[in-house]
Amino acid sequence: MKVSSEFWSFPRYSNSNYTSKLSYNLTFIQCPTVRVPLHSKTFVSSSKLNYTRPPTRSKPHSMIINTSSSLSSSSSSSSSSSNVNEELQQQSNKLRKALKLQVRILAGIVMGIAAIVYVFSGTAVFSLGLTIIAILGLREYYQMAQAKGHSPAVRTGYLTTLLMMFVSVVSPQFADVVLPVCGALICCYMLLRPGTKTNPATIADVSTTFMGLFYSGLLPSFWVRLHGFTELPLNTLSVSIGSFLSKIWPKSLLFLCPQVHSGAMVVFWTWLAIACADIGAFFVGRTLGKTQLTQVSPKKTVEGAVAGFLCSALVSVIGACLMQWPMWLVSGSLYGFLVGVVALLGDLVQSLFKRDAGVKDS
C-alpha cells in the first residue's frame, strides 16, 4: 500500500498484533485499486468501514512439520546412538576374540615346551605323569556318571587303572591281561558289595564302570607301551635331537637327563600331529567352515575336520621321513590320517559325555 502525506491510511496488520490507527487532516485513502473519499477531520472507526479483524489462524501444517521434525530428530538421535552402541559392541567383541586367541597361542607355546620336556624325560616320568592324568580323568568320568544317577565301582576302577599302568611299564606283554581279569573281579564285587539287597547293581552301573576303565585306563596304557618301545635303532635325527636337548635342557631338571629313543620320538611326532590337526581344524573351521559336522559339537564343521586330517597327515609324513620309516610317504600319510580321525573321535566322545551330563568344562 502506498501512502502519501495527503492520504489517510490503515497500516498493515500482523498476526501477532493488530492495531488500527486513524489519522486526521487527511482526505483520501489511496490503495492500488480503491480510492475512498472522506471528510476532513472525521474520525472513522473500523466498525463503520465494516472491517473486522481476521480470526487468528492456527498453524496445523507447521505443527505437523514441527512434530514430524522433532520425531525424526529423536528417531535419528536414537538410531545414531544405537549405531554407536553396536559399533562399540563389535569392537569389544573383536578385542575379546583377539585377546582370547593370544591367550590360546601363549598357552599352546607353554604347553608345547612342557610336552617336549615331559616326553623326553624318560619312561618312568612319562608313565607316572600319564597315570596321574588317567586317574583324574577316570574320577571325572565317574562323577559325571554319578550325576546321572548311576553307581559305578569307583575304588575298584582306580585300582584296575593303577595296575594296568604298572604292568604296562614293567611287563608290557601282559598289559592286555589286566582288564579281563580285573573285569571279572569287578563283576563279582558289584554282585556282592554292601547294599545290593536294597539297591542292587544295574546294567548302567556295570556299563559305566567298564566304560571308564576302557576310556581312561586301557587307552592311556597304550601311550605308556608306545613310549617304552626302544627296539628300533636311533637314526641321525634322534641323535641330533638328543644332543640339542642336552644343551637347552632346564637346569632345574638336570636330575632327569633327556632320553631320546625311538618310542619317545614316535610319541612326540604323534602328539605334534594331533596338535597341528587341532590348530588346522580350528582356523579353517572358523574362517571357511559352513557345513556342520554333528549335533554333538555344533561348532565343528566338515571343512575344519578335513583340514585337521590334512594337517595331521602332513606332519606325520615329515616325521616319517625324518625317522626314516620304510615307504615314508605312504606310511606317514596313513598314520597321520588315522591319528587325525582318532583324535577327532576322542574329542567328539568327550563332548558327548559332557553334553549328556550337563557339564560345560572337563
# chains A, B, ... in the order shown; residues from 1 in each chain; ligands from 1
>>> residues_around(residues="segment 138-155 of chain A", least_positions_apart="6", cutoff="6 Å", atoms="only C-alpha atoms", output="MDAnalysis selection string")
chainID A and resid 205 208:209 212 216 357
>>> write_last_selection(atoms="N, CA, C and O atoms", output="tab-separated table (two decimals), in the first residue's frame")
chain	number	residue	atom	x	y	z
A	205	ASP	N	25.13	-99.37	35.89
A	205	ASP	CA	26.27	-99.30	36.81
A	205	ASP	C	27.46	-100.08	36.28
A	205	ASP	O	28.60	-99.59	36.30
A	208	THR	N	28.87	-98.22	33.00
A	208	THR	CA	29.67	-97.02	33.28
A	208	THR	C	31.01	-97.37	33.92
A	208	THR	O	32.01	-96.71	33.66
A	209	THR	N	31.04	-98.44	34.73
A	209	THR	CA	32.31	-98.85	35.34
A	209	THR	C	33.32	-99.28	34.27
A	209	THR	O	34.47	-98.83	34.26
A	212	GLY	N	34.48	-96.41	31.84
A	212	GLY	CA	35.52	-95.59	32.43
A	212	GLY	C	36.88	-96.26	32.39
A	212	GLY	O	37.90	-95.62	32.11
A	216	SER	N	39.52	-94.27	30.17
A	216	SER	CA	40.53	-93.56	30.96
A	216	SER	C	41.60	-94.47	31.53
A	216	SER	O	42.50	-93.98	32.22
A	357	ALA	N	25.90	-85.24	30.49
A	357	ALA	CA	25.96	-84.99	31.93
A	357	ALA	C	25.67	-83.54	32.28
A	357	ALA	O	25.56	-83.21	33.47
>>> closest_residue(among="A:Leu344, A:Ala204, A:Ala320, A:Leu106", to="Leu293 of chain A", atoms="only C-alpha atoms")
A:Leu344
>>> atom_distance(atom1="atom CA of Val315 of chain A", atom2="atom CA of Leu334 of chain A")
11.5 Å
>>> atom_distance(atom1="atom CA of Ser121 of chain A", atom2="atom CA of Val177 of chain A")
27.9 Å
>>> residues_around(residues="Ala264 of chain A", least_positions_apart="6", cutoff="10 Å", atoms="only C-alpha atoms", output="JSON, numbers by chain")
{"A": [116, 118, 119, 120, 121, 122, 123, 126, 223, 224, 226, 227, 228, 229, 230, 238, 270]}
>>> write_last_selection(atoms="N, CA and C atoms", output="PDB file, in the first residue's frame")
ATOM      1  N   ILE A 116      57.369 -81.281  25.419  1.00  0.00           N
ATOM      2  CA  ILE A 116      58.686 -81.753  24.960  1.00  0.00           C
ATOM      3  C   ILE A 116      59.523 -82.234  26.134  1.00  0.00           C
ATOM      4  N   TYR A 118      58.404 -83.235  28.972  1.00  0.00           N
ATOM      5  CA  TYR A 118      57.746 -84.403  29.576  1.00  0.00           C
ATOM      6  C   TYR A 118      58.005 -85.672  28.771  1.00  0.00           C
ATOM      7  N   VAL A 119      57.930 -85.559  27.435  1.00  0.00           N
ATOM      8  CA  VAL A 119      58.087 -86.751  26.603  1.00  0.00           C
ATOM      9  C   VAL A 119      59.494 -87.303  26.675  1.00  0.00           C
ATOM     10  N   PHE A 120      60.493 -86.418  26.717  1.00  0.00           N
ATOM     11  CA  PHE A 120      61.879 -86.873  26.696  1.00  0.00           C
ATOM     12  C   PHE A 120      62.506 -86.938  28.089  1.00  0.00           C
ATOM     13  N   SER A 121      61.679 -87.039  29.119  1.00  0.00           N
ATOM     14  CA  SER A 121      62.204 -87.150  30.480  1.00  0.00           C
ATOM     15  C   SER A 121      62.391 -88.581  30.948  1.00  0.00           C
ATOM     16  N   GLY A 122      62.098 -89.542  30.106  1.00  0.00           N
ATOM     17  CA  GLY A 122      62.282 -90.936  30.485  1.00  0.00           C
ATOM     18  C   GLY A 122      60.947 -91.652  30.647  1.00  0.00           C
ATOM     19  N   THR A 123      60.997 -92.956  30.555  1.00  0.00           N
ATOM     20  CA  THR A 123      59.777 -93.761  30.621  1.00  0.00           C
ATOM     21  C   THR A 123      59.131 -93.707  31.996  1.00  0.00           C
ATOM     22  N   PHE A 126      57.386 -90.323  32.372  1.00  0.00           N
ATOM     23  CA  PHE A 126      56.246 -90.283  31.452  1.00  0.00           C
ATOM     24  C   PHE A 126      55.103 -91.156  31.962  1.00  0.00           C
ATOM     25  N   TRP A 223      49.784 -95.482  25.384  1.00  0.00           N
ATOM     26  CA  TRP A 223      50.817 -94.452  25.296  1.00  0.00           C
ATOM     27  C   TRP A 223      52.053 -94.859  26.084  1.00  0.00           C
ATOM     28  N   VAL A 224      51.840 -95.467  27.239  1.00  0.00           N
ATOM     29  CA  VAL A 224      52.980 -95.916  28.046  1.00  0.00           C
ATOM     30  C   VAL A 224      53.750 -97.012  27.319  1.00  0.00           C
ATOM     31  N   LEU A 226      53.816 -97.546  24.040  1.00  0.00           N
ATOM     32  CA  LEU A 226      54.469 -96.970  22.866  1.00  0.00           C
ATOM     33  C   LEU A 226      55.714 -96.189  23.264  1.00  0.00           C
ATOM     34  N   HIS A 227      55.642 -95.462  24.362  1.00  0.00           N
ATOM     35  CA  HIS A 227      56.806 -94.701  24.807  1.00  0.00           C
ATOM     36  C   HIS A 227      57.954 -95.612  25.228  1.00  0.00           C
ATOM     37  N   GLY A 228      57.629 -96.751  25.759  1.00  0.00           N
ATOM     38  CA  GLY A 228      58.677 -97.681  26.194  1.00  0.00           C
ATOM     39  C   GLY A 228      59.213 -98.575  25.101  1.00  0.00           C
ATOM     40  N   PHE A 229      58.774 -98.394  23.882  1.00  0.00           N
ATOM     41  CA  PHE A 229      59.234 -99.203  22.756  1.00  0.00           C
ATOM     42  C   PHE A 229      60.584 -98.665  22.282  1.00  0.00           C
ATOM     43  N   THR A 230      61.651 -99.418  22.556  1.00  0.00           N
ATOM     44  CA  THR A 230      63.019 -98.961  22.262  1.00  0.00           C
ATOM     45  C   THR A 230      63.772 -99.919  21.357  1.00  0.00           C
ATOM     46  N   SER A 238      67.535 -88.550  15.571  1.00  0.00           N
ATOM     47  CA  SER A 238      67.325 -88.773  17.002  1.00  0.00           C
ATOM     48  C   SER A 238      68.565 -88.410  17.807  1.00  0.00           C
ATOM     49  N   THR A 270      53.593 -87.983  17.109  1.00  0.00           N
ATOM     50  CA  THR A 270      52.144 -88.238  17.156  1.00  0.00           C
ATOM     51  C   THR A 270      51.419 -87.107  17.863  1.00  0.00           C
TER      52      THR A 270
END
>>> select_by_dssp(residues="segment 254-357 of chain A", states="helix (DSSP H, G or I)", output="MDAnalysis selection string")
chainID A and resid 262:287 302:322 328:357
>>> residues_around(residues="Ile132 of chain A", least_positions_apart="4", cutoff="12 Å", atoms="only C-alpha atoms", output="ChimeraX atom specification")
/A:125-128,136-139,158,161-162,165,216-217,220-221
>>> write_last_selection(atoms="N, CA and C atoms", output="PDB file, in the first residue's frame")
ATOM      1  N   VAL A 125      59.161 -91.224  34.309  1.00  0.00           N
ATOM      2  CA  VAL A 125      58.465 -89.950  34.499  1.00  0.00           C
ATOM      3  C   VAL A 125      57.235 -89.864  33.603  1.00  0.00           C
ATOM      4  N   PHE A 126      57.386 -90.323  32.372  1.00  0.00           N
ATOM      5  CA  PHE A 126      56.246 -90.283  31.452  1.00  0.00           C
ATOM      6  C   PHE A 126      55.103 -91.156  31.962  1.00  0.00           C
ATOM      7  N   SER A 127      55.413 -92.334  32.459  1.00  0.00           N
ATOM      8  CA  SER A 127      54.377 -93.240  32.957  1.00  0.00           C
ATOM      9  C   SER A 127      53.721 -92.697  34.222  1.00  0.00           C
ATOM     10  N   LEU A 128      54.514 -92.090  35.093  1.00  0.00           N
ATOM     11  CA  LEU A 128      53.948 -91.521  36.320  1.00  0.00           C
ATOM     12  C   LEU A 128      52.984 -90.377  36.010  1.00  0.00           C
ATOM     13  N   LEU A 136      42.818 -88.942  37.240  1.00  0.00           N
ATOM     14  CA  LEU A 136      41.980 -87.746  37.284  1.00  0.00           C
ATOM     15  C   LEU A 136      40.849 -87.818  36.246  1.00  0.00           C
ATOM     16  N   GLY A 137      41.173 -88.323  35.060  1.00  0.00           N
ATOM     17  CA  GLY A 137      40.132 -88.474  34.044  1.00  0.00           C
ATOM     18  C   GLY A 137      39.077 -89.492  34.438  1.00  0.00           C
ATOM     19  N   LEU A 138      39.520 -90.610  35.041  1.00  0.00           N
ATOM     20  CA  LEU A 138      38.565 -91.618  35.497  1.00  0.00           C
ATOM     21  C   LEU A 138      37.685 -91.076  36.619  1.00  0.00           C
ATOM     22  N   ARG A 139      38.267 -90.296  37.503  1.00  0.00           N
ATOM     23  CA  ARG A 139      37.482 -89.681  38.585  1.00  0.00           C
ATOM     24  C   ARG A 139      36.415 -88.741  38.028  1.00  0.00           C
ATOM     25  N   TYR A 158      39.740 -97.422  40.155  1.00  0.00           N
ATOM     26  CA  TYR A 158      41.049 -96.808  40.408  1.00  0.00           C
ATOM     27  C   TYR A 158      42.147 -97.863  40.512  1.00  0.00           C
ATOM     28  N   THR A 161      43.016 -99.348  37.091  1.00  0.00           N
ATOM     29  CA  THR A 161      43.797 -98.411  36.263  1.00  0.00           C
ATOM     30  C   THR A 161      45.247 -98.362  36.711  1.00  0.00           C
ATOM     31  N   LEU A 162      45.468 -98.273  38.005  1.00  0.00           N
ATOM     32  CA  LEU A 162      46.844 -98.270  38.514  1.00  0.00           C
ATOM     33  C   LEU A 162      47.574 -99.552  38.135  1.00  0.00           C
ATOM     34  N   MET A 165      48.562 -99.531  34.390  1.00  0.00           N
ATOM     35  CA  MET A 165      49.709 -98.664  34.132  1.00  0.00           C
ATOM     36  C   MET A 165      51.011 -99.308  34.620  1.00  0.00           C
ATOM     37  N   SER A 216      39.518 -94.269  30.166  1.00  0.00           N
ATOM     38  CA  SER A 216      40.526 -93.559  30.961  1.00  0.00           C
ATOM     39  C   SER A 216      41.599 -94.469  31.532  1.00  0.00           C
ATOM     40  N   GLY A 217      41.518 -95.772  31.280  1.00  0.00           N
ATOM     41  CA  GLY A 217      42.522 -96.688  31.797  1.00  0.00           C
ATOM     42  C   GLY A 217      43.267 -97.449  30.718  1.00  0.00           C
ATOM     43  N   PRO A 220      44.957 -94.961  27.721  1.00  0.00           N
ATOM     44  CA  PRO A 220      46.223 -94.319  28.108  1.00  0.00           C
ATOM     45  C   PRO A 220      47.375 -95.292  28.310  1.00  0.00           C
ATOM     46  N   SER A 221      47.074 -96.547  28.627  1.00  0.00           N
ATOM     47  CA  SER A 221      48.166 -97.508  28.824  1.00  0.00           C
ATOM     48  C   SER A 221      48.917 -97.781  27.524  1.00  0.00           C
TER      49      SER A 221
END
>>> residues_around(residues="Trp269 of chain A", least_positions_apart="2", cutoff="10 Å", atoms="only C-alpha atoms", output="PDB file with N, CA, C and O atoms, in the first residue's frame")
ATOM      1  N   ALA A 264      60.005 -92.569  22.304  1.00  0.00           N
ATOM      2  CA  ALA A 264      59.757 -91.158  22.620  1.00  0.00           C
ATOM      3  C   ALA A 264      59.599 -90.323  21.360  1.00  0.00           C
ATOM      4  O   ALA A 264      58.776 -89.395  21.314  1.00  0.00           O
ATOM      5  N   MET A 265      60.367 -90.653  20.298  1.00  0.00           N
ATOM      6  CA  MET A 265      60.246 -89.908  19.057  1.00  0.00           C
ATOM      7  C   MET A 265      58.878 -90.127  18.415  1.00  0.00           C
ATOM      8  O   MET A 265      58.248 -89.179  17.915  1.00  0.00           O
ATOM      9  N   VAL A 266      58.389 -91.369  18.428  1.00  0.00           N
ATOM     10  CA  VAL A 266      57.067 -91.634  17.845  1.00  0.00           C
ATOM     11  C   VAL A 266      55.971 -90.910  18.637  1.00  0.00           C
ATOM     12  O   VAL A 266      55.041 -90.333  18.056  1.00  0.00           O
ATOM     13  N   VAL A 267      56.072 -90.924  19.964  1.00  0.00           N
ATOM     14  CA  VAL A 267      55.088 -90.211  20.787  1.00  0.00           C
ATOM     15  C   VAL A 267      55.135 -88.705  20.498  1.00  0.00           C
ATOM     16  O   VAL A 267      54.090 -88.044  20.382  1.00  0.00           O
ATOM     17  N   TRP A 271      51.958 -86.672  18.990  1.00  0.00           N
ATOM     18  CA  TRP A 271      51.340 -85.545  19.706  1.00  0.00           C
ATOM     19  C   TRP A 271      51.416 -84.266  18.890  1.00  0.00           C
ATOM     20  O   TRP A 271      50.480 -83.459  18.901  1.00  0.00           O
ATOM     21  N   LEU A 272      52.511 -84.078  18.156  1.00  0.00           N
ATOM     22  CA  LEU A 272      52.619 -82.901  17.302  1.00  0.00           C
ATOM     23  C   LEU A 272      51.593 -82.949  16.172  1.00  0.00           C
ATOM     24  O   LEU A 272      50.996 -81.917  15.814  1.00  0.00           O
ATOM     25  N   ALA A 273      51.344 -84.132  15.631  1.00  0.00           N
ATOM     26  CA  ALA A 273      50.326 -84.271  14.587  1.00  0.00           C
ATOM     27  C   ALA A 273      48.930 -83.974  15.135  1.00  0.00           C
ATOM     28  O   ALA A 273      48.105 -83.326  14.465  1.00  0.00           O
ATOM     29  N   ILE A 274      48.648 -84.427  16.350  1.00  0.00           N
ATOM     30  CA  ILE A 274      47.347 -84.148  16.969  1.00  0.00           C
ATOM     31  C   ILE A 274      47.175 -82.656  17.206  1.00  0.00           C
ATOM     32  O   ILE A 274      46.103 -82.082  16.941  1.00  0.00           O
ATOM     33  N   ALA A 275      48.230 -82.010  17.699  1.00  0.00           N
ATOM     34  CA  ALA A 275      48.146 -80.570  17.949  1.00  0.00           C
ATOM     35  C   ALA A 275      47.944 -79.795  16.647  1.00  0.00           C
ATOM     36  O   ALA A 275      47.118 -78.862  16.585  1.00  0.00           O
ATOM     37  N   SER A 312      47.348 -83.216   9.993  1.00  0.00           N
ATOM     38  CA  SER A 312      47.922 -84.362  10.698  1.00  0.00           C
ATOM     39  C   SER A 312      48.714 -85.251   9.748  1.00  0.00           C
ATOM     40  O   SER A 312      49.813 -85.727  10.091  1.00  0.00           O
ATOM     41  N   VAL A 315      52.132 -83.470   8.845  1.00  0.00           N
ATOM     42  CA  VAL A 315      53.128 -83.551   9.918  1.00  0.00           C
ATOM     43  C   VAL A 315      53.656 -84.982  10.060  1.00  0.00           C
ATOM     44  O   VAL A 315      54.863 -85.205  10.275  1.00  0.00           O
ATOM     45  N   SER A 316      52.772 -85.951   9.926  1.00  0.00           N
ATOM     46  CA  SER A 316      53.212 -87.349  10.053  1.00  0.00           C
ATOM     47  C   SER A 316      54.126 -87.761   8.904  1.00  0.00           C
ATOM     48  O   SER A 316      55.063 -88.545   9.100  1.00  0.00           O
ATOM     49  N   VAL A 317      53.885 -87.231   7.713  1.00  0.00           N
ATOM     50  CA  VAL A 317      54.787 -87.528   6.589  1.00  0.00           C
ATOM     51  C   VAL A 317      56.166 -86.954   6.856  1.00  0.00           C
ATOM     52  O   VAL A 317      57.194 -87.615   6.595  1.00  0.00           O
ATOM     53  N   ILE A 318      56.226 -85.746   7.400  1.00  0.00           N
ATOM     54  CA  ILE A 318      57.519 -85.145   7.736  1.00  0.00           C
ATOM     55  C   ILE A 318      58.229 -85.976   8.806  1.00  0.00           C
ATOM     56  O   ILE A 318      59.437 -86.253   8.713  1.00  0.00           O
ATOM     57  N   GLY A 319      57.471 -86.374   9.828  1.00  0.00           N
ATOM     58  CA  GLY A 319      58.078 -87.196  10.880  1.00  0.00           C
ATOM     59  C   GLY A 319      58.538 -88.543  10.377  1.00  0.00           C
ATOM     60  O   GLY A 319      59.616 -89.028  10.763  1.00  0.00           O
ATOM     61  N   ALA A 320      57.754 -89.187   9.490  1.00  0.00           N
ATOM     62  CA  ALA A 320      58.155 -90.486   8.947  1.00  0.00           C
ATOM     63  C   ALA A 320      59.406 -90.366   8.085  1.00  0.00           C
ATOM     64  O   ALA A 320      60.272 -91.251   8.092  1.00  0.00           O
ATOM     65  N   MET A 323      62.333 -89.812  10.540  1.00  0.00           N
ATOM     66  CA  MET A 323      62.634 -91.021  11.313  1.00  0.00           C
ATOM     67  C   MET A 323      62.972 -92.206  10.420  1.00  0.00           C
ATOM     68  O   MET A 323      63.180 -93.323  10.914  1.00  0.00           O
ATOM     69  N   GLY A 336      49.194 -90.511   9.737  1.00  0.00           N
ATOM     70  CA  GLY A 336      48.668 -89.194  10.094  1.00  0.00           C
ATOM     71  C   GLY A 336      47.163 -89.107   9.925  1.00  0.00           C
ATOM     72  O   GLY A 336      46.468 -88.477  10.744  1.00  0.00           O
TER      73      GLY A 336
END
